[in-house]
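Q: Contents are compact mmCIF, C-alpha atoms and all ligand atoms; file name data.txt:
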# COMPACT_ATOMS: atom_id res chain seq x y z
CA MET A 29 -76.43 -139.00 -246.03
CA SER A 30 -80.13 -138.31 -245.61
CA ALA A 31 -82.97 -140.75 -245.29
CA ALA A 32 -84.75 -141.62 -248.52
CA PRO A 33 -87.05 -138.82 -249.54
CA SER A 34 -90.74 -139.55 -249.43
CA ASP A 35 -93.06 -139.02 -252.39
CA SER A 36 -93.66 -135.35 -251.78
CA ASP A 37 -91.36 -132.91 -253.54
CA ALA A 38 -91.98 -130.35 -250.86
CA ALA A 39 -89.95 -130.22 -247.67
CA ILE A 40 -92.60 -128.02 -246.08
CA GLU A 41 -96.17 -127.47 -247.11
CA ALA A 42 -98.48 -125.24 -245.15
CA SER A 43 -102.04 -124.66 -246.14
CA ASP A 44 -104.23 -121.84 -244.89
CA LEU A 45 -102.27 -121.75 -241.66
CA THR A 46 -103.63 -119.36 -239.06
CA LYS A 47 -102.66 -118.54 -235.49
CA VAL A 48 -104.77 -116.22 -233.40
CA PHE A 49 -103.57 -114.82 -230.06
CA GLY A 50 -106.53 -113.19 -228.38
CA LYS A 51 -107.77 -110.76 -230.99
CA GLN A 52 -104.57 -110.75 -232.98
CA ARG A 53 -104.08 -112.86 -236.08
CA ALA A 54 -100.32 -113.37 -235.76
CA VAL A 55 -100.42 -115.59 -238.86
CA ASP A 56 -103.35 -115.28 -241.20
CA GLY A 57 -104.16 -117.86 -243.88
CA LEU A 58 -100.58 -118.71 -244.81
CA THR A 59 -100.12 -121.12 -247.70
CA LEU A 60 -96.49 -121.94 -248.33
CA THR A 61 -94.50 -124.50 -250.31
CA VAL A 62 -90.82 -125.06 -249.67
CA PRO A 63 -89.33 -127.32 -252.36
CA ARG A 64 -86.80 -129.91 -251.32
CA GLY A 65 -83.24 -128.75 -251.81
CA ALA A 66 -84.20 -125.08 -251.62
CA VAL A 67 -82.61 -122.46 -249.45
CA PHE A 68 -85.85 -120.76 -248.61
CA GLY A 69 -85.75 -117.25 -247.17
CA PHE A 70 -88.66 -116.32 -244.95
CA LEU A 71 -88.57 -112.58 -244.93
CA GLY A 72 -90.58 -109.95 -243.15
CA PRO A 73 -90.32 -107.03 -240.77
CA ASN A 74 -90.29 -107.66 -237.01
CA GLY A 75 -93.67 -108.80 -235.78
CA SER A 76 -94.86 -110.01 -239.18
CA GLY A 77 -95.43 -113.58 -237.94
CA LYS A 78 -92.25 -115.42 -238.89
CA THR A 79 -91.44 -116.90 -235.50
CA THR A 80 -95.04 -117.91 -234.90
CA THR A 81 -95.03 -119.69 -238.26
CA ILE A 82 -91.80 -121.50 -237.46
CA ARG A 83 -93.12 -122.53 -234.06
CA MET A 84 -96.18 -124.01 -235.72
CA LEU A 85 -94.09 -125.82 -238.34
CA LEU A 86 -92.03 -127.45 -235.61
CA GLY A 87 -94.99 -128.42 -233.47
CA LEU A 88 -94.02 -125.97 -230.70
CA VAL A 89 -97.40 -124.25 -230.84
CA ALA A 90 -100.68 -125.52 -232.24
CA PRO A 91 -102.21 -123.70 -235.21
CA THR A 92 -105.64 -122.20 -234.71
CA SER A 93 -106.50 -123.67 -238.11
CA GLY A 94 -104.86 -124.93 -241.27
CA SER A 95 -102.61 -127.87 -242.06
CA ILE A 96 -98.89 -128.58 -242.26
CA SER A 97 -96.86 -131.32 -243.83
CA LEU A 98 -93.17 -131.67 -243.10
CA LEU A 99 -90.97 -133.88 -245.29
CA GLY A 100 -94.14 -135.35 -246.74
CA GLU A 101 -95.64 -136.27 -243.38
CA PRO A 102 -98.73 -134.71 -241.83
CA MET A 103 -98.15 -132.62 -238.73
CA PRO A 104 -98.57 -132.79 -235.85
CA SER A 105 -99.59 -136.47 -236.05
CA ALA A 106 -96.24 -137.56 -237.48
CA LEU A 107 -94.24 -135.19 -235.27
CA ALA A 108 -92.24 -137.80 -233.38
CA GLY A 109 -91.10 -139.52 -236.56
CA VAL A 110 -90.33 -136.33 -238.47
CA LEU A 111 -88.55 -134.17 -235.90
CA PRO A 112 -85.36 -136.29 -235.81
CA ARG A 113 -84.98 -135.54 -239.53
CA VAL A 114 -85.24 -131.80 -238.87
CA GLY A 115 -82.65 -129.56 -237.25
CA ALA A 116 -83.90 -126.33 -235.75
CA LEU A 117 -82.64 -123.10 -234.28
CA VAL A 118 -85.48 -121.10 -232.81
CA GLU A 119 -85.11 -117.98 -230.70
CA GLY A 120 -81.66 -118.81 -229.45
CA PRO A 121 -80.95 -122.05 -227.64
CA ALA A 122 -81.14 -122.55 -223.91
CA VAL A 123 -77.63 -123.26 -222.66
CA TYR A 124 -76.29 -124.47 -219.37
CA PRO A 125 -74.06 -121.53 -218.43
CA TYR A 126 -71.69 -123.51 -216.21
CA LEU A 127 -70.99 -126.16 -218.79
CA SER A 128 -68.56 -125.67 -221.64
CA GLY A 129 -69.90 -125.33 -225.16
CA ARG A 130 -68.72 -128.85 -225.86
CA ASP A 131 -70.37 -130.29 -222.74
CA ASN A 132 -73.60 -128.50 -223.60
CA LEU A 133 -73.65 -130.27 -226.94
CA MET A 134 -72.65 -133.61 -225.40
CA ARG A 135 -75.56 -133.28 -223.05
CA LEU A 136 -78.04 -132.22 -225.73
CA ASP A 137 -76.94 -135.08 -227.94
CA ALA A 138 -77.21 -137.58 -225.10
CA ALA A 139 -80.80 -136.42 -224.54
CA ASP A 140 -81.62 -137.45 -228.10
CA VAL A 141 -82.60 -141.11 -227.90
CA ARG A 142 -81.76 -141.70 -231.55
CA SER A 143 -78.23 -140.38 -231.40
CA ASP A 144 -75.25 -142.71 -231.46
CA ALA A 145 -73.19 -142.45 -228.27
CA ALA A 146 -70.16 -144.03 -229.95
CA THR A 147 -69.81 -141.16 -232.43
CA ARG A 148 -70.94 -138.39 -230.05
CA LYS A 149 -67.53 -136.93 -229.33
CA THR A 150 -66.49 -136.66 -232.96
CA ARG A 151 -69.87 -135.32 -234.04
CA VAL A 152 -69.78 -132.66 -231.33
CA ALA A 153 -66.23 -131.64 -232.27
CA SER A 154 -67.05 -131.40 -235.96
CA ALA A 155 -70.27 -129.43 -235.33
CA LEU A 156 -68.32 -126.96 -233.18
CA ASP A 157 -65.68 -126.62 -235.89
CA ARG A 158 -68.30 -126.16 -238.54
CA VAL A 159 -69.75 -123.10 -236.78
CA GLY A 160 -66.32 -121.71 -235.90
CA LEU A 161 -66.49 -122.46 -232.18
CA GLY A 162 -63.75 -125.06 -232.05
CA HIS A 163 -61.38 -122.67 -230.27
CA ALA A 164 -63.99 -121.93 -227.56
CA ALA A 165 -65.18 -125.52 -227.09
CA THR A 166 -63.94 -125.77 -223.52
CA LYS A 167 -65.07 -122.32 -222.38
CA LYS A 168 -68.14 -122.06 -220.18
CA ALA A 169 -71.16 -121.27 -222.34
CA GLY A 170 -72.21 -118.61 -219.84
CA THR A 171 -69.22 -116.55 -220.92
CA TYR A 172 -70.14 -116.78 -224.62
CA SER A 173 -71.26 -113.66 -226.45
CA LEU A 174 -74.75 -113.65 -227.95
CA GLY A 175 -73.21 -114.48 -231.32
CA MET A 176 -71.33 -117.44 -229.86
CA LYS A 177 -74.49 -118.73 -228.20
CA GLN A 178 -76.22 -118.42 -231.54
CA ARG A 179 -73.47 -120.50 -233.14
CA LEU A 180 -73.76 -123.07 -230.37
CA GLY A 181 -77.44 -123.37 -231.23
CA LEU A 182 -76.51 -123.87 -234.85
CA ALA A 183 -73.98 -126.51 -233.89
CA ASN A 184 -76.71 -128.30 -231.98
CA ALA A 185 -78.83 -128.36 -235.13
CA LEU A 186 -75.86 -129.85 -236.99
CA LEU A 187 -75.06 -132.70 -234.62
CA ARG A 188 -76.68 -135.10 -237.03
CA ASP A 189 -77.35 -135.06 -240.75
CA ARG A 190 -80.72 -133.51 -241.31
CA GLU A 191 -82.95 -133.38 -244.33
CA LEU A 192 -84.34 -130.02 -243.29
CA LEU A 193 -82.93 -127.20 -241.23
CA VAL A 194 -85.23 -124.52 -239.85
CA LEU A 195 -83.32 -121.46 -238.66
CA ASP A 196 -85.05 -118.51 -237.07
CA GLU A 197 -82.95 -115.36 -237.56
CA PRO A 198 -79.67 -117.34 -237.34
CA THR A 199 -77.48 -114.26 -237.64
CA ASN A 200 -79.08 -112.40 -234.74
CA GLY A 201 -76.30 -111.09 -232.55
CA LEU A 202 -73.55 -111.95 -235.01
CA ASP A 203 -71.02 -109.42 -236.24
CA PRO A 204 -70.48 -109.01 -240.00
CA GLN A 205 -67.79 -111.68 -240.02
CA GLY A 206 -70.03 -114.12 -238.13
CA THR A 207 -72.88 -113.30 -240.50
CA ARG A 208 -70.69 -114.12 -243.47
CA GLU A 209 -69.69 -117.40 -241.86
CA VAL A 210 -73.30 -118.40 -241.29
CA ARG A 211 -74.05 -117.59 -244.92
CA GLY A 212 -71.16 -119.81 -245.96
CA LEU A 213 -72.43 -122.54 -243.67
CA ILE A 214 -75.92 -122.36 -245.16
CA ARG A 215 -74.45 -122.60 -248.64
CA SER A 216 -72.38 -125.64 -247.76
CA LEU A 217 -75.35 -127.35 -246.10
CA ALA A 218 -77.44 -126.67 -249.18
CA ALA A 219 -74.67 -128.05 -251.38
CA ASP A 220 -74.90 -131.27 -249.34
CA GLY A 221 -78.59 -131.50 -250.24
CA THR A 222 -80.10 -130.18 -247.03
CA THR A 223 -83.21 -128.05 -247.43
CA VAL A 224 -82.77 -124.85 -245.41
CA PHE A 225 -85.66 -122.69 -244.26
CA VAL A 226 -84.24 -119.48 -242.84
CA SER A 227 -86.09 -116.48 -241.49
CA SER A 228 -84.73 -112.98 -241.49
CA HIS A 229 -85.74 -109.37 -241.38
CA LEU A 230 -82.64 -108.55 -243.41
CA LEU A 231 -83.17 -108.60 -247.13
CA SER A 232 -79.42 -108.56 -247.79
CA GLU A 233 -78.97 -111.89 -246.01
CA ILE A 234 -81.79 -113.58 -247.84
CA GLU A 235 -80.74 -112.16 -251.16
CA GLN A 236 -77.22 -113.51 -250.95
CA VAL A 237 -77.95 -117.04 -249.96
CA CYS A 238 -81.48 -118.07 -250.91
CA SER A 239 -82.92 -119.72 -253.99
CA HIS A 240 -86.50 -119.02 -252.94
CA VAL A 241 -88.19 -116.42 -250.83
CA ALA A 242 -91.49 -115.75 -249.13
CA VAL A 243 -92.36 -112.34 -247.78
CA MET A 244 -94.63 -111.81 -244.78
CA SER A 245 -96.35 -108.62 -243.77
CA ALA A 246 -98.64 -108.32 -240.75
CA GLY A 247 -99.28 -112.07 -240.57
CA ARG A 248 -100.00 -112.47 -244.26
CA LEU A 249 -97.92 -113.81 -247.09
CA VAL A 250 -97.42 -111.14 -249.71
CA THR A 251 -95.33 -113.08 -252.20
CA GLN A 252 -93.37 -116.30 -252.59
CA GLY A 253 -91.34 -117.85 -255.33
CA ARG A 254 -87.92 -118.26 -256.83
CA LEU A 255 -85.71 -115.32 -256.08
CA ASP A 256 -84.55 -114.97 -259.69
CA GLU A 257 -88.16 -114.87 -260.88
CA LEU A 258 -89.11 -112.25 -258.34
CA ARG A 259 -86.13 -110.23 -259.42
CA ALA A 260 -87.05 -110.55 -263.08
CA ALA A 261 -90.64 -109.55 -262.34
CA GLY A 262 -89.48 -106.16 -261.13
CA GLU A 263 -90.42 -103.22 -263.30
CA ARG A 264 -87.76 -101.89 -265.67
CA ARG A 265 -87.61 -98.21 -266.49
CA LEU A 266 -86.30 -96.42 -269.53
CA THR A 267 -84.72 -93.01 -269.26
CA VAL A 268 -83.88 -91.00 -272.40
CA THR A 269 -81.83 -87.84 -272.08
CA THR A 270 -82.46 -85.45 -274.97
CA PRO A 271 -83.21 -81.80 -275.68
CA ASP A 272 -86.07 -82.99 -277.94
CA THR A 273 -88.34 -84.26 -275.20
CA ASP A 274 -91.62 -83.76 -277.10
CA ALA A 275 -90.43 -85.69 -280.12
CA ALA A 276 -89.01 -88.41 -277.87
CA ARG A 277 -92.31 -88.75 -276.04
CA GLY A 278 -94.10 -89.04 -279.37
CA VAL A 279 -91.82 -91.87 -280.54
CA LEU A 280 -92.10 -93.78 -277.28
CA THR A 281 -95.88 -93.40 -277.17
CA ALA A 282 -96.12 -94.71 -280.73
CA ARG A 283 -94.15 -97.79 -279.58
CA GLY A 284 -96.65 -98.47 -276.79
CA LEU A 285 -94.79 -96.89 -273.88
CA ALA A 286 -96.42 -94.49 -271.47
CA PRO A 287 -93.96 -91.65 -270.82
CA GLU A 288 -94.40 -89.84 -267.55
CA LEU A 289 -94.80 -86.10 -267.06
CA LEU A 290 -91.67 -84.06 -267.41
CA THR A 291 -90.22 -82.97 -264.13
CA ALA A 292 -88.74 -79.54 -263.53
CA ASP A 293 -85.59 -80.96 -261.94
CA ALA A 294 -84.79 -83.09 -264.99
CA PRO A 295 -86.14 -81.08 -267.94
CA ASP A 296 -84.08 -83.01 -270.51
CA THR A 297 -85.19 -86.49 -269.61
CA VAL A 298 -88.12 -88.61 -270.63
CA THR A 299 -88.86 -91.64 -268.47
CA ALA A 300 -91.28 -94.51 -268.91
CA PRO A 301 -91.85 -98.02 -267.58
CA LEU A 302 -90.33 -100.45 -270.08
CA PRO A 303 -92.69 -103.27 -270.98
CA ALA A 304 -91.22 -106.77 -271.25
CA GLY A 305 -90.27 -107.75 -274.78
CA LEU A 306 -89.41 -104.27 -276.00
CA ALA A 307 -85.79 -104.09 -277.09
CA VAL A 308 -83.93 -100.96 -276.09
CA GLU A 309 -81.82 -101.00 -279.26
CA GLU A 310 -84.97 -100.80 -281.39
CA LEU A 311 -86.30 -97.91 -279.37
CA THR A 312 -82.97 -96.15 -279.72
CA ALA A 313 -82.99 -96.65 -283.50
CA ALA A 314 -86.57 -95.36 -283.70
CA LEU A 315 -85.68 -92.27 -281.70
CA VAL A 316 -82.67 -91.53 -283.90
CA ALA A 317 -84.65 -92.19 -287.11
CA ALA A 318 -87.23 -89.66 -285.95
CA GLY A 319 -84.50 -87.05 -285.55
CA VAL A 320 -84.45 -87.10 -281.76
CA ARG A 321 -81.00 -86.05 -280.55
CA VAL A 322 -80.29 -88.75 -278.00
CA ARG A 323 -77.68 -87.79 -275.41
CA GLY A 324 -78.19 -90.83 -273.27
CA ILE A 325 -80.45 -93.81 -272.88
CA ALA A 326 -80.54 -96.04 -269.82
CA VAL A 327 -82.55 -98.90 -268.39
CA SER A 328 -82.78 -99.30 -264.65
CA GLY A 329 -84.24 -102.27 -262.86
CA GLU A 330 -86.37 -102.07 -259.77
CA THR A 331 -84.31 -103.46 -256.93
CA LEU A 332 -85.64 -106.30 -254.84
CA GLU A 333 -85.76 -103.90 -251.96
CA ASP A 334 -87.98 -101.49 -253.92
CA ARG A 335 -90.23 -104.37 -254.73
CA PHE A 336 -90.50 -105.77 -251.23
CA VAL A 337 -91.04 -102.36 -249.73
CA ALA A 338 -93.84 -101.83 -252.24
CA LEU A 339 -95.34 -105.19 -251.23
CA THR A 340 -95.12 -104.75 -247.48
CA GLY A 341 -95.44 -100.99 -247.23
CA GLU A 342 -92.48 -101.09 -244.85
CA GLY A 343 -88.77 -100.68 -245.14
CA PHE A 344 -86.31 -103.48 -244.65
CA ASP A 345 -82.93 -103.12 -243.11
CA VAL A 346 -80.62 -103.62 -246.01
CA ALA A 347 -77.35 -103.81 -244.18
CA GLY A 348 -76.34 -106.50 -241.74
N1 LIG B 401 -97.50 -115.99 -227.38
C1 LIG B 401 -98.01 -114.87 -227.91
N2 LIG B 401 -99.06 -114.23 -227.34
C2 LIG B 401 -99.57 -113.12 -227.88
N3 LIG B 401 -99.11 -112.54 -229.00
C3 LIG B 401 -98.07 -113.12 -229.61
C4 LIG B 401 -97.46 -114.30 -229.11
N4 LIG B 401 -96.45 -114.64 -229.95
C5 LIG B 401 -96.42 -113.70 -230.92
N5 LIG B 401 -97.40 -112.79 -230.72
C6 LIG B 401 -97.67 -111.64 -231.60
O1 LIG B 401 -97.84 -112.09 -232.92
C7 LIG B 401 -97.22 -111.19 -233.85
C8 LIG B 401 -96.23 -111.94 -234.69
O2 LIG B 401 -95.11 -112.25 -233.89
P1 LIG B 401 -93.88 -113.11 -234.39
O3 LIG B 401 -92.92 -113.22 -233.25
O4 LIG B 401 -94.35 -114.35 -235.00
O5 LIG B 401 -93.28 -112.18 -235.50
P2 LIG B 401 -91.85 -112.20 -236.16
O6 LIG B 401 -92.06 -111.86 -237.60
O7 LIG B 401 -91.14 -113.44 -235.84
O8 LIG B 401 -91.16 -110.98 -235.49
P3 LIG B 401 -89.82 -110.94 -234.63
O9 LIG B 401 -88.72 -111.03 -235.63
O10 LIG B 401 -89.92 -109.62 -233.95
O11 LIG B 401 -89.89 -112.11 -233.68
C9 LIG B 401 -96.60 -110.09 -233.03
O12 LIG B 401 -97.44 -108.97 -233.03
C10 LIG B 401 -96.50 -110.68 -231.65
O13 LIG B 401 -96.62 -109.67 -230.66
Here is a file; write its structure as C-alpha cells.
A:
Amino acid sequence: MSAAPSDSDAAIEASDLTKVFGKQRAVDGLTLTVPRGAVFGFLGPNGSGKTTTIRMLLGLVAPTSGSISLLGEPMPSALAGVLPRVGALVEGPAVYPYLSGRDNLMRLDAADVRSDAATRKTRVASALDRVGLGHAATKKAGTYSLGMKQRLGLANALLRDRELLVLDEPTNGLDPQGTREVRGLIRSLAADGTTVFVSSHLLSEIEQVCSHVAVMSAGRLVTQGRLDELRAAGERRLTVTTPDTDAARGVLTARGLAPELLTADAPDTVTAPLPAGLAVEELTAALVAAGVRVRGIAVSGETLEDRFVALTGEGFDVAG
C-alpha cells in the first residue's frame, strides 16, 4: 500500500534539534530516531516540548538549529515531496462548523492536489467508519463534541494510505471508550505497516500501544528506546521476610547484594536491590543452608511509571 521505502531505516531522524522562543528553550538538543514500522510513543508532562517538536518535524515551525530527516528525506528542503506520505493530527483540526463531518473531509481531500477525486467518496466514508464516526457523518461538525472533532481530525489523516502518521495527543477529549478505540486504530494501522509517532502525557496510553518510547522533560530528551528494554532495565528488588534478619543480611552481603537498613515499620524484612544475573532460587537455597528461617521471599520490579518519574522528576497521569 505504501510507496517504496527509501534507503533509511528510520522514519524520523532528528539531530540536535533546538527551538528557542525568546529566552525559553522549548526543545533543547533533541536527537531522536524513530525506526520504520514502530509505534513510537513521545511521552512527557505538559509543556515538555512535545508539540513544538512535532511542529518542527512537520515543517510547521522552523527549528532554531539542528536537522531533521523524514522518511529518509532531508527537511525542510524535501517538505513538499514528503508531506503527502505523512498523515498528521496536530492540536485538533480546524473544522468548518456548518458543514457535516463528511463534507469537511470531502473538502479537505479536494484541497489535496494529489488525491483522487474518483475515489474520494469511498475513502471519506471508510475513514469516517474507521474512526467510529460513520453514524455522525451527516451531522454538522459544529455540533460535534471535542472527542468527535478529534476523531474527525484522525479521519482526515487516514484519507490516504500513509507511510507515517504523526499524532499529537490523539486521545485528548476522548472518553475511555473513545480512547480504547483510538488505541485499537493505532494497532491496526501499525499492523498494516504504518509507522506511528504518537505524543501523550499519559503513560498508560503509551504503554499499551507502543513498541518504542522517548521521554521528554523540560525540552530535553531523558530516554528513548524499545519499551521492553526500558522495562527490563528497571531495578528489581528482593524482599526477604524472616525473624533472622542479621543472618539474612550476612548471607545476602556475601552474595554481593547491598541490603538496606532495617526499618521500624517492617522489622522482619530485609530488602536489597537485586543485581541482574543473580538467581532468586540460589539466594533462597543459600539463606536456608545458613539456617535463616525464611517466611517469605519476593522480587518486585520497578514499574515504568517509577522509572519515568525518576527520570523526569515529575509525575505522570497514569489513568486515562
Ligand atoms: N509559540 C510559542 N511562543 C512562546 N513559547 C512557546 C510557544 N510554543 C510553545 N512555547 C513554550 O514552549 C514550551 C514547550 O511547549 P510545547 O507545547 O511544545 O509542550 P508540550 O509538551 O507539547 O505540552 P502540551 O502538552 O501542554 O502542549 C512551553 O513552555 C510553551 O509555553
Q: When the cut-off is 9 Å and you count all atoms listed in the file, which residues lie near ligand LIG 401 (chain B), shown as a ChimeraX atom specification?
A: /A:47-50,52-55,71-83,89,119,196-197,227-229,244-247
Q: Given the selection you just returned, output its residues as a file containing C-alpha atoms, formatted as a JSON list (two decimals), in the coordinates of the input.
A:
[["chain", "number", "residue", "atom", "x", "y", "z"],
["A", 47, "LYS", "CA", -102.66, -118.54, -235.49],
["A", 48, "VAL", "CA", -104.77, -116.22, -233.40],
["A", 49, "PHE", "CA", -103.57, -114.82, -230.06],
["A", 50, "GLY", "CA", -106.53, -113.19, -228.38],
["A", 52, "GLN", "CA", -104.57, -110.75, -232.98],
["A", 53, "ARG", "CA", -104.08, -112.86, -236.08],
["A", 54, "ALA", "CA", -100.32, -113.37, -235.76],
["A", 55, "VAL", "CA", -100.42, -115.59, -238.86],
["A", 71, "LEU", "CA", -88.57, -112.58, -244.93],
["A", 72, "GLY", "CA", -90.58, -109.95, -243.15],
["A", 73, "PRO", "CA", -90.32, -107.03, -240.77],
["A", 74, "ASN", "CA", -90.29, -107.66, -237.01],
["A", 75, "GLY", "CA", -93.67, -108.80, -235.78],
["A", 76, "SER", "CA", -94.86, -110.01, -239.18],
["A", 77, "GLY", "CA", -95.43, -113.58, -237.94],
["A", 78, "LYS", "CA", -92.25, -115.42, -238.89],
["A", 79, "THR", "CA", -91.44, -116.90, -235.50],
["A", 80, "THR", "CA", -95.04, -117.91, -234.90],
["A", 81, "THR", "CA", -95.03, -119.69, -238.26],
["A", 82, "ILE", "CA", -91.80, -121.50, -237.46],
["A", 83, "ARG", "CA", -93.12, -122.53, -234.06],
["A", 89, "VAL", "CA", -97.40, -124.25, -230.84],
["A", 119, "GLU", "CA", -85.11, -117.98, -230.70],
["A", 196, "ASP", "CA", -85.05, -118.51, -237.07],
["A", 197, "GLU", "CA", -82.95, -115.36, -237.56],
["A", 227, "SER", "CA", -86.09, -116.48, -241.49],
["A", 228, "SER", "CA", -84.73, -112.98, -241.49],
["A", 229, "HIS", "CA", -85.74, -109.37, -241.38],
["A", 244, "MET", "CA", -94.63, -111.81, -244.78],
["A", 245, "SER", "CA", -96.35, -108.62, -243.77],
["A", 246, "ALA", "CA", -98.64, -108.32, -240.75],
["A", 247, "GLY", "CA", -99.28, -112.07, -240.57]]
Q: Could you tell me which of A:Gly175, A:Gly305, A:His163, A:Thr312 comes closest to Pro204 of chain A if we count only C-alpha atoms?
A: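 Of the candidates, the smallest distance to Pro204 of chain A is held by A:Gly175.
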Q: Near Ala313 of chain A, within 12 Å and counting only C-alpha atoms, which residues show up once chain neighbours fewer than 6 positions away are dropped, as a list in words?
A: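 The residues that qualify are Ala276, Val279, Leu280, Arg283, Ala307, Gly319, Val320, Arg321, Val322 and Ile325 of chain A.
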Q: Which residues of segment 57-98 of chain A sit at most 9 Å from segment 249-262 of chain A, using only C-alpha atoms? Give each one's shortest atom pair and distance in Å (one decimal place), in chain and ascending residue order, as JSON lines.
A:
{"residue": "A:Gly57", "atom": "CA", "partner": "A:Leu249", "partner_atom": "CA", "distance": 8.1}
{"residue": "A:Leu58", "atom": "CA", "partner": "A:Leu249", "partner_atom": "CA", "distance": 6.0}
{"residue": "A:Thr59", "atom": "CA", "partner": "A:Leu249", "partner_atom": "CA", "distance": 7.7}
{"residue": "A:Leu60", "atom": "CA", "partner": "A:Gln252", "partner_atom": "CA", "distance": 7.7}
{"residue": "A:Thr61", "atom": "CA", "partner": "A:Gln252", "partner_atom": "CA", "distance": 8.6}
{"residue": "A:Phe68", "atom": "CA", "partner": "A:Arg254", "partner_atom": "CA", "distance": 8.8}
{"residue": "A:Phe70", "atom": "CA", "partner": "A:Gln252", "partner_atom": "CA", "distance": 9.0}
Q: Ranking A:Ala145, A:Leu45, A:Val210, A:Val123 by minimum distance to Arg158 of chain A and counting all atoms listed in the file, which one comes first?
A: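 Looking only at the distances to Arg158 of chain A, the closest residue turns out to be A:Val210.
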Q: Please compute the atom CA of Gly65 of chain A-atom CA of Gln178 of chain A distance, one decimal, in Å.
A: 23.8 Å
Q: Would you fill the gaps in segment 190-204 of chain A so it has N, CA and C atoms, then print it as a CSV table (one decimal), in the coordinates of the input?
A:
chain,number,residue,atom,x,y,z
A,190,ARG,N,-79.3,-133.8,-241.3
A,190,ARG,CA,-80.7,-133.5,-241.3
A,190,ARG,C,-81.2,-133.3,-242.7
A,191,GLU,N,-82.4,-133.7,-243.0
A,191,GLU,CA,-83.0,-133.4,-244.3
A,191,GLU,C,-83.4,-131.9,-244.4
A,192,LEU,N,-83.8,-131.4,-243.3
A,192,LEU,CA,-84.3,-130.0,-243.3
A,192,LEU,C,-83.8,-129.3,-242.1
A,193,LEU,N,-83.3,-128.1,-242.3
A,193,LEU,CA,-82.9,-127.2,-241.2
A,193,LEU,C,-83.8,-126.0,-241.2
A,194,VAL,N,-84.4,-125.7,-240.0
A,194,VAL,CA,-85.2,-124.5,-239.8
A,194,VAL,C,-84.5,-123.6,-238.9
A,195,LEU,N,-84.1,-122.4,-239.4
A,195,LEU,CA,-83.3,-121.5,-238.7
A,195,LEU,C,-84.1,-120.1,-238.5
A,196,ASP,N,-84.3,-119.8,-237.3
A,196,ASP,CA,-85.0,-118.5,-237.1
A,196,ASP,C,-84.0,-117.4,-236.8
A,197,GLU,N,-83.9,-116.5,-237.7
A,197,GLU,CA,-83.0,-115.4,-237.6
A,197,GLU,C,-81.6,-115.8,-237.1
A,198,PRO,N,-80.9,-116.7,-237.8
A,198,PRO,CA,-79.7,-117.3,-237.3
A,198,PRO,C,-78.5,-116.4,-237.2
A,199,THR,N,-78.6,-115.2,-237.8
A,199,THR,CA,-77.5,-114.3,-237.6
A,199,THR,C,-77.7,-113.2,-236.6
A,200,ASN,N,-78.8,-113.3,-235.9
A,200,ASN,CA,-79.1,-112.4,-234.7
A,200,ASN,C,-77.9,-112.4,-233.8
A,201,GLY,N,-77.4,-111.2,-233.5
A,201,GLY,CA,-76.3,-111.1,-232.6
A,201,GLY,C,-74.9,-111.4,-233.1
A,202,LEU,N,-74.9,-111.7,-234.4
A,202,LEU,CA,-73.6,-112.0,-235.0
A,202,LEU,C,-73.0,-110.7,-235.6
A,203,ASP,N,-71.7,-110.6,-235.6
A,203,ASP,CA,-71.0,-109.4,-236.2
A,203,ASP,C,-70.9,-109.7,-237.7
A,204,PRO,N,-70.5,-108.8,-238.5
A,204,PRO,CA,-70.5,-109.0,-240.0
A,204,PRO,C,-69.7,-110.3,-240.4
